[in-house]
Number of protein chains: 4
Amino acid sequence: MFDAIFGPDAMRAAVDDRAWLQAMLDAEAALARAQARAGVIPAEAAEAVAAVCHADRYDVEQLARAARSSGNPVPALVAAAGVAWFHHGATSQDVVDTAAMLVARDALALIVADLDGVAAACGRLAEEYRDTPMVGRTLMQQAEPTTFGLKAAGWLVAVLDAREWLRALRLPVQLGGAAGTLASMDGLGPLVLREFARELDLEEPTLPWHANRTPVATLASALAVSAGACGKIALDVELMAQTEVGELLSGSGESSSMPHKRNPVEAIRARACARRVQAAAASLVAGMSEHEHERAAGAWHAEWAPLGEALACSGGAAAATREMIERLEVRPERMRENLHGMDTTAHVAAAGQLVDRALERWRRCR
Amino acid sequence: MFDAIFGPDAMRAAVDDRAWLQAMLDAEAALARAQARAGVIPAEAAEAVAAVCHADRYDVEQLARAARSSGNPVPALVAAAGVAWFHHGATSQDVVDTAAMLVARDALALIVADLDGVAAACGRLAEEYRDTPMVGRTLMQQAEPTTFGLKAAGWLVAVLDAREWLRALRLPVQLGGAAGTLASMDGLGPLVLREFARELDLEEPTLPWHANRTPVATLASALAVSAGACGKIALDVELMAQTEVGELLSGSGESSSMPHKRNPVEAIRARACARRVQAAAASLVAGMSEHEHERAAGAWHAEWAPLGEALACSGGAAAATREMIERLEVRPERMRENLHGMDTTAHVAAAGQLVDRALERWRRCR
Amino acid sequence: MFDAIFGPDAMRAAVDDRAWLQAMLDAEAALARAQARAGVIPAEAAEAVAAVCHADRYDVEQLARAARSSGNPVPALVAAAGVAWFHHGATSQDVVDTAAMLVARDALALIVADLDGVAAACGRLAEEYRDTPMVGRTLMQQAEPTTFGLKAAGWLVAVLDAREWLRALRLPVQLGGAAGTLASMDGLGPLVLREFARELDLEEPTLPWHANRTPVATLASALAVSAGACGKIALDVELMAQTEVGELLSGSGESSSMPHKRNPVEAIRARACARRVQAAAASLVAGMSEHEHERAAGAWHAEWAPLGEALACSGGAAAATREMIERLEVRPERMRENLHGMDTTAHVAAAGQLVDRALERWRRCR
Amino acid sequence: MFDAIFGPDAMRAAVDDRAWLQAMLDAEAALARAQARAGVIPAEAAEAVAAVCHADRYDVEQLARAARSSGNPVPALVAAAGVAWFHHGATSQDVVDTAAMLVARDALALIVADLDGVAAACGRLAEEYRDTPMVGRTLMQQAEPTTFGLKAAGWLVAVLDAREWLRALRLPVQLGGAAGTLASMDGLGPLVLREFARELDLEEPTLPWHANRTPVATLASALAVSAGACGKIALDVELMAQTEVGELLSGSGESSSMPHKRNPVEAIRARACARRVQAAAASLVAGMSEHEHERAAGAWHAEWAPLGEALACSGGAAAATREMIERLEVRPERMRENLHGMDTTAHVAAAGQLVDRALERWRRCR
């Protein structure tokens with residue numbers, strides 16, 4: 001009930017059990033195709049494998065239960081598939097890790113699209129309010145004048161930074177077999193690895209990364225930074241929308257006890273999502289150093305939930321921030337009032353120079 | 001799919017959407033009864049309210065969607081209930097926080113039951129292997145002799161500590177109304193508060209704790225410690241069950257690529273759960289200082305998911321640890337071999353004295 | 001340079017290298033006395049040991065360097081002491097863990113004293129402003145009236161909760177010897193353990209807790225909750241002291257660029273300290289499940305810095321909060337203005353009932 | 001006492017109070033020079049400013065104390081400098097943030113140098129043991145054969161990934177003035193910003209990032225990943241050096257109670273450091289979303305200690321890992337024994353192909 005509040009439907013669908021199952025099946029099908037192309041398995045086998053790689057054929061709940069005794073759902077999936085050459089030469093983690101990267105890629109596309117929306121809306125605000133003076137606040141006290149355009153430009157730059165990082169992320173396939181040597185690939189391991197990556201349009205890693213979790217930790221870090229950028233924007237909106245400040249109006253939120261009140265619900269959702277991403281990311285990053293030997297006993301299994309959480313809530317943060325910024329009501333007259341007659345000339349001029357730098361960067365990366 | 005691997009079914013049901021919904025409805029019904037008893041609302045009103053307080057009457061998914069615009073599901077629930085005096089004088093957070101404590105109580109009962117099982121199993125191991133020498137290992141190297149009984153006694157004491165804390169937790173009702181003054185209770189606030197707590201058999205707090213989150217942070221801390229105790233046991237089992245050590249056999253785990261292998265799946269599940277609890281608890285504890293004014297804009301909303309996670313995965317850790325310890329195969333002959341002829345007399349005698357201290361404590365608290 | 005900003009001098013001295021060194025020496029002296037009393041070592045030996053247990057005799061920096069090759073400073077300390085029976089039958093962790101509890105006890109006394117000051121100041125505010133109306137704010141928007149007395153009463157209760165927990169903490173001695181069996185105590189382990197605890201006025205644990213870190217995790221949790229309570233108060237002060245809100249004035253803070261500005265420096269220090277405690281505590285709690293076998297290879301060593309940090313910054317948070325509250329300027333007229341004529345009668349009356357509950361509790365625990 | 005155990009002296013010096021002070025003075029001097037070049041201040045003024053920018057002229061402890069009332073040391077530093085045009089147009093955070101980047105750059109150079117050493121040592125191991133079979137271990141159980149060369153190649157790749165990220169980090173100057181507009185630069189803000197960055201050889205940011213903390217969060221993430229890579233290597237070494245496994249010998253560690261024991265002290269230090277970095281980094285990343293308005297009241301101040309900790313302990317982890325790997329004793333015969341006659345032909349051949357991929361990458365980036 002609660003998660004529906006935070007996440008847009010598309011994101012929830014991108015990281016739900018069915019999405020994971022289909023991603024695992026996509027990995028199995030791609031592996032079979034790659035092996036067929038490399039000559040490790042017959043071409044017909046790959047077709048037969050691909051034919052059973054549709055999530056509809058499987059009962060997620062049943063797989064999950066059967067999985068309890070093996071610690072992951074792949075053995076049950078292999079049994080349920082019931083086709084020769086399915087999962088040939090692979091280990092469970094090959095499939096789950098590759099599926100995680102596929103799930104991540106789909107989720108990232110949604111996140112980046114919403115960050116694009118946030119950036120566009122911030123860019124428009126920066127342009128429109130380039131010369132609109134407001135009081136700058138430091139250490140939670142009024143300080144010197146700034147402009148609302150520069151405030152929005154600061155949000156814009158943070159979002160552009162986050163977006164660039166997310167887009168630059170390299171998501172690798174995972175393939176190593178039981179102990180990470182690719183020994184079951186008839187000496188054709190590197191070739192299968194390359195074809196597997198090409199098949200799924202994921203990166204080809206130098207080595208299997210079963211127990212070297214840089215890809216997961218880096219992804220988690222980038223998600224945390226993107227959610228953090230959204231959380232900062234939402235914090236500013238909440239602060240500026242305070243009744244006594246009144247420089248922004250935001251939010252559709254109704255109150256169960258005070259119908260007249262307008263709660264900044266999108267900002268609230270964004271901030272709550274940001275906190276959740278940060279917790280999940282911290283867990284994923286800290287897990288890096290706990291992966292024993294060739295494949296870990298616990299640290300790997302502890303990644304699945306926080307990875308889903310980090311993706312979903314980064315998406316929730318981006319979507320909420322986009323809604324928030326796109327619908328923001330800006331009140332320049334209140335900004336003016338809160339300046340209480342401070343002279344703003346020099347500050348507006350200086351801020352404008354900075355706004356232009358941000359807008360120029362935004363234009364370059366559109 | 002993945003969460004079913006970690007949690008027993010009863011625990012999953014205890015913290016799922018339906019459980020939260022019913023807990024919210026239980027809170028609403030109890031509030032109405034308390035208000036009727038205090039004379040704030042008519043007695044018949046309380047009956048009418050109670051009559052609609054069954055989760056079956058509501059569509060969880062629909063509530064969740066309607067909730068997006070208000071940031072929590074209570075306004076939609078109030079609308080769907082459609083009964084006079086439902087939610088009278090309360091604020092959304094009164095209901096969600098009280099529901100959280102009800103959900104926590106049910107989940108804690110499951111956790112404590114499993115910890116009882118762990119303690120009993122550890123106690124039996126401590127008794128049975130009181131004088132069974134094995135090598136103690138420090139800094140990941142063999143050190144001096146100890147006994148397996150003392151190892152198990154150490155686990156026992158950690159579990160007893162955790163269990164005592166969980167049982168001593170005080171879970172308070174939440175009731176304050178819109179701004180935490182109980183102003184809508186016709187001057188009968190303290191009386192309603194007392195009756196409300198009595199009705200639900202929860203603690204009566206000194207004050208509403210909408211923005212003073214000690215109860216949540218304390219609960220989270222206790223869950224983290226209980227999961228940490230389980231995680232430590234699981235780590236020891238994994239280490240002692242290593243092929244080269246061979247002093248314990250544990251686990252039903254099958255491998256998708258190596259059918260002969262016996263993976264310590266219960267230990268793996270326990271360790272993965274422990275990590276997840278720790279991440280969730282850290283987030284809940286850190287959230288304490290971010291609750292603004294009378295009720296927070298984000299920090300509260302960020303609690304729901306980690307609270308469910310902390311409860312479910314503490315339960316998952318306890319259940320997995322229980323399965324693990326109850327089915328543990330102990331191999332004293334291998335313990336003997338790994339001692340390579342060290343003289344163990346003094347160590348066994350000394351360890352026995354300590355084992356007896358632990359067993360005595362265990363007997364006292366049964 | 002930076003840490004001096006956060007911590008009062010007494011607290012810095014309580015957790016600095018010299019305090020740790022003296023605490024280790026106190027542990028060694030107490031151990032020798034306990035062993036002499038139990039008959040494990042000669043009485044004169046205990047005197048000789050005690051005679052070298054003064055921090056002035058040792059060069060901290062030299063111990064630290066010598067310690068690099070052993071991973072902790074105790075072997076170098078034993079060598080430097082150069083007295084027979086010094087450290088007899090003990091392991092490094094016995095001394096460092098016991099020292100940690102001694103350091104913690106001294107630091108806790110400082111923290112509790114400052115929390116007493118915070119409670120007293122909050123109690124006075126709650127009394128003085130029991131009937132002073134102000135607007136309650138929820139979800140960062142003005143909501144219904146409340147009173148400043150109730151706000152202060154909420155702070156008071158949170159601090160009382162934290163203080164009670166800190167005072168109830170049980171800090172145990174550590175004693176187990178090389179593998180935790182007390183085998184080097186001539187069969188008198190439990191007796192030595194009891195005398196050791198009595199000597200230092202610390203708790204006698206059921207068993208050595210070298211690798212069962214409940215005491216550390218519980219201490220960390222209590223510190224995080226106490227700092228969290230301070231952080232919440234500081235957040236409220238910052239928000240109420242905003243230029244546009246103006247209901248409180250707080251802080252001595254000068255600005256390097258705006259001499260006219262009054263920054264809420266004590267609140268800032270309290271909030272920064274709270275964050276640091278939370279990070280340290282999360283690390284300590286999560287470490288629980290990583291202590292291998294009888295004594296850990298890394299997880300133990302990772303505790304020292306965050307434990308010092310958690311103590312020092314909890315103290316920093318409490319001290320800053322005390323300064324902040326004791327010097328707070330309350331502006332009831334501005335509170336009145338921000339109500340914009342809302343009728344406050346019912347809210348003030350209801351809030352007063354709640355304030356009285358908090359004050360009653362405060363009086364009981366003084 | 002304890003920190004000296006973890007960090008090499010050079011790193012301790014790179015992040016100590018004096019280093020921070022000199023970095024702040026370097027920032028002030030560079031700012032004056034940049035302003036002189038841009039025509040904002042007289043050229044002689046810049047020389048006069050530079051003349052007082054030597055740490056020896058200042059009393060760190062006294063600055064720290066004076067700083068307590070302003071929340072940071074810059075106002076006291078400005079007062080102590082006592083020269084006209086010193087700190088002209090800047091705000092405290094400009095100086096502290098820029099100093100942080102300078103400190104970070106020096107610390108990063110040390111970290112990268114040690115990671116280079118780790119990579120070189122891992123590369124040599126991968127080459128030398130390219131065809132040395134050992135048993136692969138998954139889920140803490142023996143699984144299929146692999147080679148020690150592939151194990152080392154996995155470490156190598158993780159370290160190369162970390163090193164690449166650290167080297168690619170962009171560390172920006174901070175310059176914005178009181179409210180981030182550069183309004184005190186006579187309309188020459190962008191020019192001064194460029195010259196300031198050039199003067200210090202740091203990045204020129206698009207905008208001031210006083211409250212948009214992407215640079216800090218990204219730096220923290222990269223440090224956590226580098227420490228995580230080291231922690232993983234250290235974990236493997238500890239596991240392989242277990243008495244019962246015996247495939248590696250590592251460590252100079254003496255025990256205070258068991259002189260015969262050889263503790264893996266470097267691995268222990270590396271793992272302890274990794275945990276500390278992770279905690280610090282999590283705090284820095286989570287702080288991102290808490291920076292209010294133009295400059296934060298607490299979240300900024302909470303960064304200083306964890307940033308120093310993250311740098312110092314990443315350095316400690318890298319240095320310890322380097323010592324550990326450079327002195328590692330590899331025991332191929334024990335690896336052979338632990339295989340118990342498994343056929344390793346296919347695995348050695350397949351693993352060799354993967355080792356070559358890693359070595360090729362290593363050669364490319366040398």
# chains A, B, ... in the order shown; residues from 1 in each chain; ligands from 1

call {"tool": "residues_around", "arguments": {"residues": "region 41-44 of chain B", "least_positions_apart": "2", "cutoff": "12 Å", "atoms": "only C-alpha atoms", "output": "list in words"}}
result
Ala29, Leu31, Ala32, Arg33, Ala34, Gln35, Ala36, Arg37, Ala38, Gly39, Ala46, Glu47, Ala48, Val49, Ala50, Ala51, Val83, Ala84, Trp85, Phe86, His87, His88, Gly89, Ser184, Met185, Asp186, Leu188 and Val192 of chain B

call {"tool": "closest_atom_pairs", "arguments": {"of": "chain A", "to": "chain C", "cutoff": "10 Å", "atoms": "only C-alpha atoms", "output": "CSV"}}
result
residue,atom,partner,partner_atom,distance
A:Arg137,CA,C:Thr243,CA,9.1
A:Thr138,CA,C:Asn263,CA,8.5
A:Leu139,CA,C:Asn263,CA,6.2
A:Met140,CA,C:Gln242,CA,5.9
A:Gln141,CA,C:Gln242,CA,5.5
A:Gln142,CA,C:Thr243,CA,6.0
A:Ala143,CA,C:Lys261,CA,7.1
A:Glu144,CA,C:Met258,CA,8.3
A:Glu238,CA,C:Met140,CA,6.5
A:Leu239,CA,C:Met140,CA,7.4
A:Met240,CA,C:Met140,CA,9.8
A:Ala241,CA,C:Gln141,CA,7.8
A:Gln242,CA,C:Gln141,CA,5.5
A:Thr243,CA,C:Gln141,CA,5.6
A:Glu244,CA,C:Glu244,CA,5.9
A:Val245,CA,C:Glu244,CA,6.1
A:Gly246,CA,C:Glu244,CA,9.7
A:Gly253,CA,C:Leu139,CA,9.7
A:Ser255,CA,C:Leu139,CA,9.6
A:Ser257,CA,C:Ala143,CA,9.5
A:Met258,CA,C:Ala143,CA,7.4
A:His260,CA,C:Ala143,CA,9.2
A:Lys261,CA,C:Ala143,CA,7.1
A:Arg262,CA,C:Gln141,CA,7.6
A:Asn263,CA,C:Leu139,CA,6.3
A:Pro264,CA,C:Leu139,CA,7.3
A:Val265,CA,C:Leu139,CA,8.4
A:Ala267,CA,C:Leu139,CA,9.9
A:Ile268,CA,C:Leu139,CA,7.9
A:Ser283,CA,C:Ala286,CA,9.9
A:Ala286,CA,C:Ser283,CA,9.9
A:Glu290,CA,C:Glu290,CA,9.2
A:Asn338,CA,C:Glu244,CA,7.8

call {"tool": "residues_around", "arguments": {"residues": "region 95-109 of chain A", "least_positions_apart": "4", "cutoff": "9 Å", "atoms": "only C-alpha atoms", "output": "PyMOL selection string"}}
result
chain A and resi 10-11+14-15+19-28+72-74+87+90-91+113-114+166-167+171-175+200+202+210+216+219+223+304+307-308+311-312+314-315

call {"tool": "closest_residue", "arguments": {"among": "D:Ala183, D:Ala30, D:Met288, D:Val277", "to": "Pro306 (chain C)", "atoms": "only C-alpha atoms"}}
result
D:Val277

call {"tool": "residues_around", "arguments": {"residues": "Cys122 (chain A)", "least_positions_apart": "4", "cutoff": "7 Å", "atoms": "only C-alpha atoms", "output": "list in words"}}
result
Val118, Ala126, Ala152, Ala153, Trp155 and Leu156 of chain A

call {"tool": "residues_around", "arguments": {"residues": "Ala227 (chain A)", "least_positions_apart": "4", "cutoff": "10 Å", "atoms": "only C-alpha atoms", "output": "JSON, numbers by chain"}}
result
{"A": [111, 115, 159, 162, 221, 222, 223, 231, 232, 233, 270, 271, 272, 273, 274, 275, 276, 277, 278, 310, 311, 313, 314, 315, 316, 317, 318, 321], "D": [286, 288, 289]}

call {"tool": "select_by_dssp", "arguments": {"residues": "region 119-326 of chain B", "states": "strand (DSSP E)", "output": "list in words"}}
result
Pro133, Met134, Val135, Gly136, Arg137, Thr138, Gln141, Gln142, Ala143, Glu144, Pro145, Thr146, Thr147, Leu248 and Leu249 of chain B

call {"tool": "write_last_selection", "arguments": {"atoms": "C-alpha atoms", "output": "tab-separated table (two decimals), in the first residue's frame"}}
result
chain	number	residue	atom	x	y	z
B	133	PRO	CA	37.12	-29.57	22.88
B	134	MET	CA	37.71	-27.65	19.70
B	135	VAL	CA	40.27	-25.11	18.71
B	136	GLY	CA	39.46	-21.49	19.41
B	137	ARG	CA	40.17	-19.16	16.54
B	138	THR	CA	41.12	-15.55	16.90
B	141	GLN	CA	43.92	-18.07	13.01
B	142	GLN	CA	43.88	-21.09	15.27
B	143	ALA	CA	44.68	-20.00	18.79
B	144	GLU	CA	44.06	-21.96	22.00
B	145	PRO	CA	41.56	-24.71	22.71
B	146	THR	CA	38.02	-23.95	23.74
B	147	THR	CA	34.90	-26.11	23.66
B	248	LEU	CA	29.78	-28.45	11.33
B	249	LEU	CA	27.50	-29.47	8.49

call {"tool": "atom_distance", "arguments": {"atom1": "CA of His301 (chain C)", "atom2": "CA of Ala217 (chain D)"}}
result
25.8 Å
